[in-house]
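Here is the structure we will look at.
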Amino acid sequence: MIFDSYEAFRAANFTPKLCILGSGPAGITIARKLGAAGIPVVVLEAGSREFSDDSQDFYRGSTVGDPYFDLDITRLRFLGGSSNHWAGWCRVLDKQDFEPKAWAPDTGWPISRADIEPYLNEVHDILELPDFRPDVSISDDIRWVQLIKSPAVRFGEKYADELDKSKNIAVVLNTYATELAGDGRRVTGAKLWSNGQDAGSFTADYFVVCTGGLENSRLLLWSNQRSNGGVVPNAAALGRYWMEHPTFEGGNAILADYGEFEVDATNEAFFSPTLAAMERLKIMNFGIRLIETPYAGIKSLVADLACTAPDMAEWVAYQLSQNLRCAAQLYVAWEQAPQASNRIELSKTDVDHAGVPRIELHWKKSEMEHRTLLEGLRLFGTTLVEKNLGRVRIADWIVNGGDYPTNEELAGHHHMGGTRMGTDVTKSVVDANSKVHGMDNLYIGGSSVFCTSGECNPTTTITALACRLGDHLGKVITV
């Protein structure tokens, strides 16, 4: 059932056991799991079926630190959430991403990759994916990895008919919780806003917050402030350890034979480091994306190399005499080390139309981020030389320690952390089952529970975690 207002939902006399806030990949996946188990669920979606400027305005905010996207541009507020601008890239976090790293404080998850693997077949159906290929070792330091571009599933479009026909799932559009109330053990209710006005209070036995990797922290920070700590009783880490995937063009490669690497349908190939290489260099995970350069671009690159890197130019010239026509741009997206100082705060001066403080995002890349970028490119370049597969030229600003360019991608629009998973209540917000520490009926879904970000796009892992949480809730909730 899909309703356009809370008033219409109330008139239907539907009584849910659980309330999910947000209809993105996590929220819809959890709702479908519970609905199939016969558990009545309501999903509150702040937006409508389509994009609107009025709805997006609630997402405005500010950023302190490094340049970042406008906060009302980097996510979407309507049915299906930010899956509506997802590019479709899929890969599950590596096994090594879940493990603690001695050289990077506050890494490590309370679960392992094995804990989500039972749900990957289900994830493949949801995201319309073929099976993933195993990684391929290129050297002791570098492996070829597969990113699959799915049909970029728009969850609101794909599942709208199913949700509308469901007897166990009610989706209420244009309606969201401005705050949760709690007594330090349970969420006791939610204050709602629907179609531009106060809609009163709502109660359910269980709540799952799935409003996104920025908004989850905002809602819980505000709720905790209003309830004097009654919603997140252990709030030291709330809003903290926020992460992105910095993403920049790292340089160029001249390749002896582009056919040495398996490429995808768009003629691109992807590479990541081994755990041993990361440990030796004390860097985080990274992904290098090779994008083939047109032949005209190769000639321009060779001319530049003749002046700046003659030894490399000599190798390239020889390869050109062998009819070389292979070159690539190197784009790098990499893992940001978790730091408590990267955080979401509530604005002290600006509120939205419902009176809720807007987000003030504090985000800054550390020395670890630059070292991962530089050493990662060097590692890849060394592998190409050792295997006589090619040569890499790293961009000058990276080698010289210059400022990050402001005219490139900047980051992946991947919002992770803020309500991270863990066992230490001073450094995490939820436990291994995504339940808020100290609360009996409050759970969190989505990438805000990520402890570390790995190097890959988060949607596949978000969906796997949502399947796992839905399965857990199905065992906890009695009808």
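Starting from 1 in every chain, residues are counted up; chains themselves are A, B, ... following the order of the structure tokens, and ligands are numbered from 1 as listed.
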Extract, using only C-alpha atoms, all DNA, RNA and protein residues at most 9 Å from segment 81-88 of chain A, discarding same-chain residues fewer than 4 positions from it, and format them as JSON, numbers by chain.
-> {"A": [22, 23, 24, 25, 45, 47, 74, 75, 76, 77, 127, 148, 149, 150, 151, 152, 153, 154, 155, 156, 157, 211, 212, 457, 459]}
Can you pull out every residue within 6 Å of segment 268-283 of chain A, counting only C-alpha atoms, but drop anything in the same chain fewer than 3 positions away, and send it as a count of residues only?
-> 15
Can you pull out every residue within 10 Å of Pro105 of chain A, counting only C-alpha atoms, but drop anything in the same chain fewer than 3 positions away, and send it as a VMD selection string?
-> chain A and resid 100 to 102 108 337 to 339
Keeping only C-alpha atoms, write those residues as a PDB file, in the first residue's frame.
```
ATOM      1  CA  PRO A 100      41.551  -4.215  11.931  1.00  0.00           C
ATOM      2  CA  LYS A 101      44.754  -2.643  10.649  1.00  0.00           C
ATOM      3  CA  ALA A 102      47.476  -1.919  13.174  1.00  0.00           C
ATOM      4  CA  GLY A 108      37.971  -3.261  12.027  1.00  0.00           C
ATOM      5  CA  ALA A 337      40.925   6.309   7.278  1.00  0.00           C
ATOM      6  CA  PRO A 338      38.225   6.659   9.976  1.00  0.00           C
ATOM      7  CA  GLN A 339      38.807   9.739  12.111  1.00  0.00           C
TER       8      GLN A 339
END
```
What's the 9 Å shell around segment 171-181 of chain A, counting only C-alpha atoms, without same-chain residues fewer than 5 positions away, as a PDB file with C-alpha atoms, in the first residue's frame?
```pdb
ATOM      1  CA  MET A   1       0.000   0.000   0.000  1.00  0.00           C
ATOM      2  CA  ILE A   2       1.308   3.447  -0.875  1.00  0.00           C
ATOM      3  CA  PHE A   3      -0.246   6.552   0.662  1.00  0.00           C
ATOM      4  CA  ASP A   4       0.419  10.171  -0.267  1.00  0.00           C
ATOM      5  CA  SER A   5      -0.028  11.501   3.272  1.00  0.00           C
ATOM      6  CA  TYR A   6      -0.022  10.422   6.891  1.00  0.00           C
ATOM      7  CA  ALA A   8      -4.555   8.845   4.361  1.00  0.00           C
ATOM      8  CA  PHE A   9      -2.443   6.198   6.088  1.00  0.00           C
ATOM      9  CA  LEU A  21      12.335   5.784   8.223  1.00  0.00           C
ATOM     10  CA  GLY A  22      13.487   6.184   4.624  1.00  0.00           C
ATOM     11  CA  SER A  23      12.811   4.356   1.347  1.00  0.00           C
ATOM     12  CA  VAL A  41       5.718  -2.625   8.373  1.00  0.00           C
ATOM     13  CA  VAL A  42       5.302   1.062   7.621  1.00  0.00           C
ATOM     14  CA  VAL A  43       7.917   2.960   5.614  1.00  0.00           C
ATOM     15  CA  LEU A  44       7.901   6.735   6.032  1.00  0.00           C
ATOM     16  CA  GLU A  45       9.374   8.551   3.022  1.00  0.00           C
ATOM     17  CA  ALA A  46      10.032  12.270   3.338  1.00  0.00           C
ATOM     18  CA  GLY A  47       9.646  12.930  -0.381  1.00  0.00           C
ATOM     19  CA  SER A  48       7.048  12.015  -2.954  1.00  0.00           C
ATOM     20  CA  ARG A  49       7.215   9.691  -5.965  1.00  0.00           C
ATOM     21  CA  SER A  55      11.759  18.481  -0.859  1.00  0.00           C
ATOM     22  CA  PHE A  78      12.091  11.032  -2.872  1.00  0.00           C
ATOM     23  CA  LEU A  79      10.897   7.434  -3.218  1.00  0.00           C
ATOM     24  CA  LEU A 163       4.887  -2.184  -2.441  1.00  0.00           C
ATOM     25  CA  ASP A 164       1.553  -0.789  -3.578  1.00  0.00           C
ATOM     26  CA  ARG A 186      13.331   2.340  24.073  1.00  0.00           C
ATOM     27  CA  VAL A 187      12.101   4.692  21.399  1.00  0.00           C
ATOM     28  CA  THR A 188       8.712   5.730  22.715  1.00  0.00           C
ATOM     29  CA  GLY A 189       7.455   7.587  19.655  1.00  0.00           C
ATOM     30  CA  ALA A 190       8.190   9.796  16.694  1.00  0.00           C
ATOM     31  CA  LYS A 191       7.137  13.339  15.910  1.00  0.00           C
ATOM     32  CA  LEU A 192       5.959  13.483  12.305  1.00  0.00           C
ATOM     33  CA  TRP A 193       5.829  16.113   9.590  1.00  0.00           C
ATOM     34  CA  SER A 194       3.602  15.427   6.598  1.00  0.00           C
ATOM     35  CA  ASN A 195       2.852  17.523   3.528  1.00  0.00           C
ATOM     36  CA  GLY A 196       4.371  20.634   5.010  1.00  0.00           C
ATOM     37  CA  ALA A 199       1.303  15.575  11.781  1.00  0.00           C
ATOM     38  CA  SER A 201       3.078  11.650  17.027  1.00  0.00           C
ATOM     39  CA  PHE A 202       3.393   8.028  15.978  1.00  0.00           C
ATOM     40  CA  LEU A 219      18.010  12.836  12.994  1.00  0.00           C
ATOM     41  CA  LEU A 220      19.633  11.032  15.908  1.00  0.00           C
ATOM     42  CA  TRP A 222      18.589  16.197  17.102  1.00  0.00           C
ATOM     43  CA  SER A 223      16.481  13.486  18.756  1.00  0.00           C
ATOM     44  CA  ASN A 224      19.117  12.956  21.406  1.00  0.00           C
ATOM     45  CA  ARG A 226      15.594  16.951  22.430  1.00  0.00           C
ATOM     46  CA  SER A 227      15.254  13.868  24.663  1.00  0.00           C
ATOM     47  CA  GLY A 230      17.051   9.224  25.621  1.00  0.00           C
ATOM     48  CA  VAL A 231      17.468   7.974  22.031  1.00  0.00           C
ATOM     49  CA  ALA A 354      10.185  22.043  10.103  1.00  0.00           C
ATOM     50  CA  GLY A 355      12.530  23.725  12.573  1.00  0.00           C
ATOM     51  CA  VAL A 356      15.193  20.998  12.556  1.00  0.00           C
TER      52      VAL A 356
END
```
Could you list, with a cut-off of 7 Å and counting only C-alpha atoms, the residues of segment 196-257 of chain A near segment 411-430 of chain A, each shown with its nearest atom pair and the distance in Å rounded to one decimal, rows sorted by chain and ascending number, as CSV?
```
residue,atom,partner,partner_atom,distance
A:Gly213,CA,A:His415,CA,4.7
A:Leu214,CA,A:His415,CA,6.4
A:Ser217,CA,A:Gly418,CA,5.8
A:Asn234,CA,A:Val425,CA,6.1
A:Ala235,CA,A:Val429,CA,6.8
A:Ala236,CA,A:Thr426,CA,5.3
A:Ala237,CA,A:Lys427,CA,5.0
A:Leu238,CA,A:Thr419,CA,5.6
A:Gly239,CA,A:Gly418,CA,4.0
A:Arg240,CA,A:Gly418,CA,4.7
A:Tyr241,CA,A:Gly417,CA,5.5
A:Trp242,CA,A:Gly417,CA,4.4
A:Met243,CA,A:Met416,CA,5.0
A:Glu244,CA,A:His414,CA,5.4
A:His245,CA,A:Ala411,CA,5.3
A:Pro246,CA,A:Ala411,CA,4.2
A:Thr247,CA,A:Ala411,CA,4.6
```
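The space separating atom CA of Val436 of chain A from atom CA of Pro233 of chain A comes to 8.7 Å.
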Could you please write out, as an mmCIF file with C-alpha atoms, in the first residue's frame, every residue of segment 14-88 of chain A that DSSP assigns to strand (DSSP E or B)?
```cif
data_model
loop_
_atom_site.group_PDB
_atom_site.id
_atom_site.type_symbol
_atom_site.label_atom_id
_atom_site.label_comp_id
_atom_site.auth_asym_id
_atom_site.auth_seq_id
_atom_site.Cartn_x
_atom_site.Cartn_y
_atom_site.Cartn_z
ATOM 1 C CA LEU A 18 7.890 -1.782 12.863
ATOM 2 C CA CYS A 19 8.473 1.665 11.383
ATOM 3 C CA ILE A 20 11.238 2.218 8.822
ATOM 4 C CA LEU A 21 12.335 5.784 8.223
ATOM 5 C CA VAL A 41 5.718 -2.625 8.373
ATOM 6 C CA VAL A 42 5.302 1.062 7.621
ATOM 7 C CA VAL A 43 7.917 2.960 5.614
ATOM 8 C CA LEU A 44 7.901 6.735 6.032
ATOM 9 C CA GLY A 61 23.605 22.349 4.745
ATOM 10 C CA SER A 62 27.191 23.541 5.002
ATOM 11 C CA THR A 63 30.655 21.959 4.902
ATOM 12 C CA VAL A 64 33.655 22.905 7.015
ATOM 13 C CA GLY A 65 37.102 21.786 5.818
#
```
Atomic separation - atom CA of Phe450 of chain A relative to atom CA of Arg378 of chain A, Å = 28.3 Å
I need the residues in segment 69-228 of chain A that are helix (DSSP H, G or I) according to DSSP; give them as a JSON list (two decimals) with N, CA and C atoms, in the first residue's frame.
```
[["chain", "number", "residue", "atom", "x", "y", "z"],
["A", 81, "GLY", "N", 15.12, 7.08, -2.67],
["A", 81, "GLY", "CA", 16.30, 7.76, -2.13],
["A", 81, "GLY", "C", 17.38, 7.99, -3.17],
["A", 82, "SER", "N", 18.63, 7.90, -2.73],
["A", 82, "SER", "CA", 19.73, 8.23, -3.62],
["A", 82, "SER", "C", 20.04, 7.14, -4.63],
["A", 83, "SER", "N", 19.28, 6.03, -4.60],
["A", 83, "SER", "CA", 19.41, 5.08, -5.71],
["A", 83, "SER", "C", 18.96, 5.73, -7.01],
["A", 84, "ASN", "N", 18.24, 6.84, -6.89],
["A", 84, "ASN", "CA", 17.74, 7.53, -8.10],
["A", 84, "ASN", "C", 18.85, 8.24, -8.87],
["A", 85, "HIS", "N", 20.03, 8.42, -8.28],
["A", 85, "HIS", "CA", 21.15, 8.94, -9.09],
["A", 85, "HIS", "C", 22.38, 8.04, -8.99],
["A", 95, "LYS", "N", 37.27, -8.88, 2.03],
["A", 95, "LYS", "CA", 37.48, -9.51, 3.33],
["A", 95, "LYS", "C", 38.40, -8.66, 4.21],
["A", 96, "GLN", "N", 39.45, -8.12, 3.59],
["A", 96, "GLN", "CA", 40.43, -7.34, 4.35],
["A", 96, "GLN", "C", 39.85, -6.02, 4.86],
["A", 97, "ASP", "N", 38.78, -5.55, 4.26],
["A", 97, "ASP", "CA", 38.18, -4.28, 4.69],
["A", 97, "ASP", "C", 37.53, -4.40, 6.07],
["A", 98, "PHE", "N", 37.13, -5.60, 6.44],
["A", 98, "PHE", "CA", 36.47, -5.82, 7.72],
["A", 98, "PHE", "C", 37.47, -6.02, 8.86],
["A", 113, "ARG", "N", 33.43, -10.47, 6.59],
["A", 113, "ARG", "CA", 32.82, -10.63, 5.26],
["A", 113, "ARG", "C", 31.96, -11.90, 5.23],
["A", 114, "ALA", "N", 32.36, -12.93, 5.97],
["A", 114, "ALA", "CA", 31.60, -14.18, 5.98],
["A", 114, "ALA", "C", 30.18, -13.99, 6.51],
["A", 115, "ASP", "N", 29.97, -12.97, 7.34],
["A", 115, "ASP", "CA", 28.65, -12.74, 7.92],
["A", 115, "ASP", "C", 27.64, -12.20, 6.91],
["A", 117, "GLU", "N", 28.08, -12.91, 3.44],
["A", 117, "GLU", "CA", 28.13, -13.74, 2.23],
["A", 117, "GLU", "C", 26.86, -14.57, 2.02],
["A", 118, "PRO", "N", 26.20, -15.05, 3.08],
["A", 118, "PRO", "CA", 24.97, -15.82, 2.85],
["A", 118, "PRO", "C", 23.87, -15.03, 2.15],
["A", 119, "TYR", "N", 23.99, -13.71, 2.13],
["A", 119, "TYR", "CA", 22.94, -12.86, 1.54],
["A", 119, "TYR", "C", 23.27, -12.37, 0.14],
["A", 120, "LEU", "N", 24.44, -12.76, -0.38],
["A", 120, "LEU", "CA", 24.88, -12.19, -1.65],
["A", 120, "LEU", "C", 24.04, -12.66, -2.83],
["A", 121, "ASN", "N", 23.53, -13.89, -2.80],
["A", 121, "ASN", "CA", 22.65, -14.33, -3.89],
["A", 121, "ASN", "C", 21.39, -13.47, -3.94],
["A", 122, "GLU", "N", 20.87, -13.16, -2.77],
["A", 122, "GLU", "CA", 19.69, -12.29, -2.69],
["A", 122, "GLU", "C", 20.02, -10.89, -3.21],
["A", 123, "VAL", "N", 21.20, -10.40, -2.86],
["A", 123, "VAL", "CA", 21.65, -9.09, -3.32],
["A", 123, "VAL", "C", 21.76, -9.07, -4.84],
["A", 124, "HIS", "N", 22.27, -10.16, -5.41],
["A", 124, "HIS", "CA", 22.40, -10.23, -6.87],
["A", 124, "HIS", "C", 21.04, -10.11, -7.55],
["A", 125, "ASP", "N", 20.01, -10.71, -6.96],
["A", 125, "ASP", "CA", 18.67, -10.60, -7.52],
["A", 125, "ASP", "C", 18.14, -9.16, -7.39],
["A", 126, "ILE", "N", 18.37, -8.56, -6.24],
["A", 126, "ILE", "CA", 17.86, -7.20, -6.00],
["A", 126, "ILE", "C", 18.51, -6.20, -6.95],
["A", 127, "LEU", "N", 19.83, -6.29, -7.10],
["A", 127, "LEU", "CA", 20.58, -5.33, -7.91],
["A", 127, "LEU", "C", 20.76, -5.78, -9.36],
["A", 155, "PHE", "N", 15.28, 1.92, -6.80],
["A", 155, "PHE", "CA", 14.45, 1.12, -5.92],
["A", 155, "PHE", "C", 13.00, 1.56, -5.91],
["A", 156, "GLY", "N", 12.76, 2.87, -6.02],
["A", 156, "GLY", "CA", 11.39, 3.35, -6.04],
["A", 156, "GLY", "C", 10.64, 2.89, -7.26],
["A", 157, "GLU", "N", 11.31, 2.88, -8.40],
["A", 157, "GLU", "CA", 10.67, 2.44, -9.65],
["A", 157, "GLU", "C", 10.51, 0.92, -9.68],
["A", 158, "LYS", "N", 11.56, 0.21, -9.31],
["A", 158, "LYS", "CA", 11.53, -1.25, -9.42],
["A", 158, "LYS", "C", 10.48, -1.86, -8.52],
["A", 159, "TYR", "N", 10.33, -1.32, -7.31],
["A", 159, "TYR", "CA", 9.49, -1.98, -6.32],
["A", 159, "TYR", "C", 8.18, -1.25, -6.03],
["A", 160, "ALA", "N", 7.87, -0.19, -6.77],
["A", 160, "ALA", "CA", 6.64, 0.58, -6.48],
["A", 160, "ALA", "C", 5.39, -0.29, -6.58],
["A", 161, "ASP", "N", 5.25, -1.06, -7.65],
["A", 161, "ASP", "CA", 4.04, -1.88, -7.81],
["A", 161, "ASP", "C", 3.95, -2.94, -6.71],
["A", 162, "GLU", "N", 5.07, -3.57, -6.42],
["A", 162, "GLU", "CA", 5.07, -4.59, -5.37],
["A", 162, "GLU", "C", 4.68, -3.99, -4.02],
["A", 163, "LEU", "N", 5.22, -2.83, -3.71],
["A", 163, "LEU", "CA", 4.89, -2.18, -2.44],
["A", 163, "LEU", "C", 3.43, -1.76, -2.40],
["A", 164, "ASP", "N", 2.93, -1.26, -3.53],
["A", 164, "ASP", "CA", 1.55, -0.79, -3.58],
["A", 164, "ASP", "C", 0.56, -1.94, -3.38],
["A", 165, "LYS", "N", 0.93, -3.13, -3.85],
["A", 165, "LYS", "CA", 0.04, -4.29, -3.75],
["A", 165, "LYS", "C", 0.21, -5.06, -2.45],
["A", 215, "GLU", "N", 21.85, 11.90, 6.84],
["A", 215, "GLU", "CA", 20.61, 12.21, 7.56],
["A", 215, "GLU", "C", 20.39, 11.33, 8.79],
["A", 216, "ASN", "N", 20.92, 10.10, 8.77],
["A", 216, "ASN", "CA", 20.80, 9.26, 9.97],
["A", 216, "ASN", "C", 21.40, 9.95, 11.19],
["A", 217, "SER", "N", 22.59, 10.50, 11.01],
["A", 217, "SER", "CA", 23.25, 11.19, 12.13],
["A", 217, "SER", "C", 22.48, 12.44, 12.52],
["A", 218, "ARG", "N", 22.01, 13.19, 11.54],
["A", 218, "ARG", "CA", 21.26, 14.42, 11.84],
["A", 218, "ARG", "C", 20.03, 14.14, 12.68],
["A", 219, "LEU", "N", 19.23, 13.16, 12.26],
["A", 219, "LEU", "CA", 18.01, 12.84, 12.99],
["A", 219, "LEU", "C", 18.32, 12.40, 14.43],
["A", 220, "LEU", "N", 19.33, 11.56, 14.58],
["A", 220, "LEU", "CA", 19.63, 11.03, 15.91],
["A", 220, "LEU", "C", 20.30, 12.07, 16.80],
["A", 221, "LEU", "N", 21.12, 12.94, 16.24],
["A", 221, "LEU", "CA", 21.70, 14.03, 17.03],
["A", 221, "LEU", "C", 20.61, 14.95, 17.57],
["A", 222, "TRP", "N", 19.68, 15.31, 16.70],
["A", 222, "TRP", "CA", 18.59, 16.20, 17.10],
["A", 222, "TRP", "C", 17.66, 15.50, 18.10],
["A", 223, "SER", "N", 17.35, 14.23, 17.85],
["A", 223, "SER", "CA", 16.48, 13.49, 18.76],
["A", 223, "SER", "C", 17.13, 13.35, 20.12],
["A", 224, "ASN", "N", 18.43, 13.11, 20.13],
["A", 224, "ASN", "CA", 19.12, 12.96, 21.41],
["A", 224, "ASN", "C", 19.16, 14.26, 22.19],
["A", 225, "GLN", "N", 19.34, 15.34, 21.44],
["A", 225, "GLN", "CA", 19.36, 16.66, 22.08],
["A", 225, "GLN", "C", 17.99, 16.96, 22.70],
["A", 226, "ARG", "N", 16.94, 16.65, 21.97],
["A", 226, "ARG", "CA", 15.59, 16.95, 22.43],
["A", 226, "ARG", "C", 15.15, 16.04, 23.58]]
```
Could you produce a table of the residues of segment 11-114 of chain A lying within 10 Å of segment 400-409 of chain A, with the nearest pair of atoms per residue and their separation in Å rounded to one decimal, using only C-alpha atoms, ordered by chain and increasing residue number, as CSV?
```
residue,atom,partner,partner_atom,distance
A:Asp66,CA,A:Tyr404,CA,9.2
A:Pro67,CA,A:Thr406,CA,7.2
A:Tyr68,CA,A:Thr406,CA,9.1
A:Phe69,CA,A:Glu409,CA,9.5
```
